[in-house]
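Chemist: Sharing a structure, written as structure tokens. Questions coming.
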Amino acid sequence: MVTRWIFSRRFSSQIQPSFVTTPIFYVNAAPHIGHLYSSVIADAIHRFNKITRTNDSDDCMLSTGTDEHGLKIQQAAIKHCTSTEDYCIAIASKYRALFDRFKIDYTRFIRTTDTDHRKAVHAFWKSLAGSDSIYTANYSGWYCVPDETFLTDSQLKVNERGEKCSLESGHAVEWTEEENYMFRLGRYQDDVRHWVKGLEGRRIQPDKFARILLGYLEEPLPDISISRPMNRVSWGIPVPSDPSQSVYVWLDALVNYLTVAGYPNENFRARWPPTVQVLGKDILKFHGIYWPAFLMAANLEPPHQLLVHSHWTVDNQKMSKSKQNVVDPNERAELYSHEGLRYFLLREGVAHSDGNYSDTKILRVLNSELADTLGNLLSRCCGKALNAASTFPAIDLEAFEALKEVDATKRMLEALEEMPDKTLGHYRNFNFYLVVDTVVHLLHTVNNFFETTAPWKLKKSDNPADRAKLNTILSITMEVLRQAGIVMQPIVPRLSMQLLDKLQISYSARTWNDLTLCLRTLETPLGEDNSILFRRIVPPAQTADEMSLPEKHVPRKKRKQSS
């Protein structure tokens with residue numbers, strides 16, 4: 001039995017390195033919006049960790065990459081009339097290009113065909129064998145090629161054509177008999193259950209997925225096959241000391257997280273275990289049962305936390321090639337920009353429920369929030385009409401005290417004071433949409449403040465008191481934008497950088513510790529970039545009248561918060 005201290009211990013009071021991972025993505029097809037969603041979630045966590053650290057942000061790592069072995073890849077390469085190697089290189093390059101365009105700040109892009117990964121898989125296999133967790137057996141059962149897994153009778157159904165298929169994915173299965181290496185999964189069942197319940201019930205987030213895992217663990221776990229005959233699955237890593245077998249693609253893929261940390265070199269322990277592993281709900285069992293069991297068998301600590309997210313539908317229909325409704329993020333970014341699409345995914349996605357992608361919805365959200373609310377506010381207070389000198393003005397304390405008596409000012413300052421703590425809690429709970437809700441609410445209060453105080457009227461006056469009041473209104477507005485820009489860095493890094501650059505905020509002053517009210521006592525010049533922060537989007541097929549129609553939008557109060 002595994003000793004529980006390995007995976008139930010808490011982090012020490014010393015700040016630990018941050019290690020966030022995406023799943024690695026299977027290269028049987030080009031990336032779609034679901035792959036991007038996993039990546040922007042992980043990237044937002046990673047960027048948040050960097051700006052909240054009191055020590056060196058270089059201690060933060062983010063890994064992503066591609067899973068390139070298995071029978072499906074062999075078949076895909078044949079279908080595309082190319083070699084397996086060339087096929088993998090082509091698809092992996094598409095993922096890397098996608099992540100670069102969407103500003104995924106990865107530390108390592110790993111491919112399971114990398115040399116150091118093969119070394120790590122061999123070392124890990126030997127560790128499993130050394131703990132007597134592996135044995136050979138003749139194995140027979142229903143095998144699902146698309147899912148790369150054997151299925152029990154309870155995991156099967158009969159489709160409308162009378163064929164057996166996977167209950168979960170709907171993919172066809174075939175009866176297979178072969179000799180495999182088996183992993184003693186049942187031996188670690190109690191310890192896996194104990195791990196799932198750890199961190200005071202916050203090990204698996206949202207908690208609905210912890211309940212799903214605990215449901216799986218109510219029944220005895222069968223031992224699982226962890227190899228395939230090389231004559232059937234030749235595109236894989238050979239089993240150490242037995243070249244007639246290749247390592248099961250899921251075991252091979254999961255080891256990628258160890259490879260990134262530097263395993264099997266001893267210094268890998270400085271970065272192990274991962275802080276947060278982000279994954280889709282379709283691979284929950286692999287990461288929530290098999291992965292911790294494998295690690296326990298190798299006497300290694302499982303991940304600190306799993307963040308499981310749901311999927312995206314398109315106009316309330318499941319994405320599928322047959323329906324021709326798979327959303328290509330590169331194509332949509334041509335319409336909505338990379339930052340706009342990234343914002344929408346984090347703005348509208350909630351981990352516990354499937355999100356619904358809609359071109360109508362994304363258009364409304366981006367125009368309303370990024371163009372009209374945020375971008376227009378920056379343009380108004382930095383533009384020549386109100387700010388001819390193009391400066392971040394100093395506040396006049398007498399004017400500021402007078403403005404504090406105005407209800408709109410009070411509401412704005414109250415929202416500004418509350419924002420750092422509120423957004424900090426939402427980031428820590430992975431509720432990115434609530435981070436955005438809080439910031440957008442603040443921006444609405446400052447827009448109301450701007451309209452109420454009417455600085456354009458003060459611009460026409462020659463009275464020094466009116467000039468002081470105008471500068472104070474602009475300075476307060478820019479202070480709100482400064483703090484909003486810092487908070488939004490993990491959500492829209494490029495837009496936030498453009499905003500903060502315009503306000504001439506130094507790179508060293510863009511951390512969470514800089515979210516305190518800063519009243520300017522000296523006037524400073526603004527940046528020279530006069531480009532619009534986010535330009536309103538009007539598709540060629542739509543008229544301005546159509547764009548002004550009210551949006552049908554689900555009220556926020558109906559969207560349950562992740563626990």
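Ligands are numbered from 1 in the order shown, chains are lettered A, B, ... in the order of the structure tokens, and residues start at 1 in each chain.
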Name the residues of region 382-562 of chain A that fall into helix (DSSP H, G or I) according to DSSP on the backbone, using the chain letters and numbers of this document, as a VMD selection string.

Modeler: chain A and resid 382 397 to 403 407 to 428 432 to 453 455 to 459 464 to 487 493 to 502 507 to 509 512 to 514 544 to 547 556 to 558

Chemist: Could you pull the residues within 12 Å of Lys457 (chain A), counting only C-alpha atoms, minus those fewer than 3 positions along the same chain, as a VMD selection string?

Modeler: chain A and resid 385 to 386 450 to 454 460 to 463 466 to 467 469 to 470

Chemist: For those residues, write C-alpha atoms to a file as a CSV table (one decimal), in the first residue's frame.

Modeler:
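Listing of result_24.csv after writing:
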```
chain,number,residue,atom,x,y,z
A,385,ALA,CA,-10.5,67.0,-27.6
A,386,LEU,CA,-10.2,66.8,-23.8
A,450,PHE,CA,-17.5,60.7,-16.8
A,451,GLU,CA,-21.0,61.4,-18.1
A,452,THR,CA,-22.2,63.0,-14.8
A,453,THR,CA,-19.2,65.3,-14.4
A,454,ALA,CA,-19.3,66.3,-18.1
A,460,LYS,CA,-14.6,75.3,-22.8
A,461,SER,CA,-14.0,77.3,-19.6
A,462,ASP,CA,-11.0,79.7,-18.9
A,463,ASN,CA,-11.6,79.4,-15.2
A,466,ASP,CA,-12.6,74.4,-14.0
A,467,ARG,CA,-9.3,73.5,-15.5
A,469,LYS,CA,-11.5,69.9,-12.1
A,470,LEU,CA,-11.1,68.7,-15.7
```

Chemist: Between region 377-437 of chain A and region 275-295 of chain A, at 12 Å or less, what are the per-residue closest atom pairs and their distances in Å? Count only C-alpha atoms, order by chain and rising residue number, and return it as a Markdown table.

Modeler:
```
| residue | atom | partner | partner_atom | distance |
| --- | --- | --- | --- | --- |
| A:Arg428 | CA | A:Val276 | CA | 11.1 |
| A:Asn429 | CA | A:Val276 | CA | 11.7 |
| A:Phe430 | CA | A:Val276 | CA | 10.5 |
```

Chemist: Would you compute the distance between CA of Tyr257 (chain A) and CA of Asp132 (chain A)? Give it in Å to one decimal.

Modeler: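 Going from CA of Tyr257 (chain A) over to CA of Asp132 (chain A) covers 22.9 Å.
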
Chemist: Give me, as a tab-separated table, each residue of region 96-214 of chain A that comes within 9 Å of region 231-238 of chain A, together with its shortest interatomic pair and the distance in Å at one decimal, counting only C-alpha atoms, with rows ordered by chain and rising residue number.

Modeler:
```
residue	atom	partner	partner_atom	distance
A:Thr113	CA	A:Ile237	CA	8.6
A:Arg118	CA	A:Ile237	CA	6.6
A:Val121	CA	A:Ile237	CA	8.0
A:His122	CA	A:Ile237	CA	8.4
```

Chemist: What does the distance from CA of Asp354 (chain A) to CA of Gln317 (chain A) come to in Å, to one decimal?

Modeler: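 It comes out at 10.6 Å.
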
Chemist: Work out how far CA of Glu218 (chain A) is from CA of His194 (chain A), in Å to one decimal.

Modeler: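 Atom-to-atom, CA of His194 (chain A) and CA of Glu218 (chain A) are spaced 12.5 Å apart.
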
Chemist: Do you know which residues are at most 7 Å from region 515-528 of chain A counting only C-alpha atoms, after dropping those on the same chain fewer than 4 positions away, and could you put them as a list in words?

Modeler: Ser390, Thr391, Phe392, Pro393, Ala394, Ile395, Pro420, Glu479, Gln483, Asp501, Lys502, Leu503 and Gln504 of chain A

Chemist: Counting only C-alpha atoms, which of A:Ser131, A:Trp456, A:Gly141, A:Leu185 gets nearest to Arg380 (chain A)?

Modeler: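 Looking only at the distances to Arg380 (chain A), the closest residue turns out to be A:Trp456.
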
Chemist: If you run DSSP over the backbone, which residues in region 236-452 of chain A end up strand (DSSP E)? Put them as a PyMOL selection string.

Modeler: chain A and resi 238-239+242-247+276-280+306-309+312-314+317-318+355-357+391-392

Chemist: Using only C-alpha atoms, pick whichever of A:Met478, A:Cys88, A:Val173, A:Leu254 has the shortest atom-to-atom distance to Leu500 (chain A).

Modeler: A:Met478

Chemist: Could you list, as a PyMOL selection string, every residue within 9 Å of Ser358 (chain A), counting only C-alpha atoms and ignoring same-chain residues fewer than 6 positions away?

Modeler: chain A and resi 313-316

Chemist: So, with only C-alpha atoms as the atoms that count, which of A:Ile537, A:Val40, A:Pro464, A:Glu163 lies closest to Phe344 (chain A)?

Modeler: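 Closest candidate: A:Val40.
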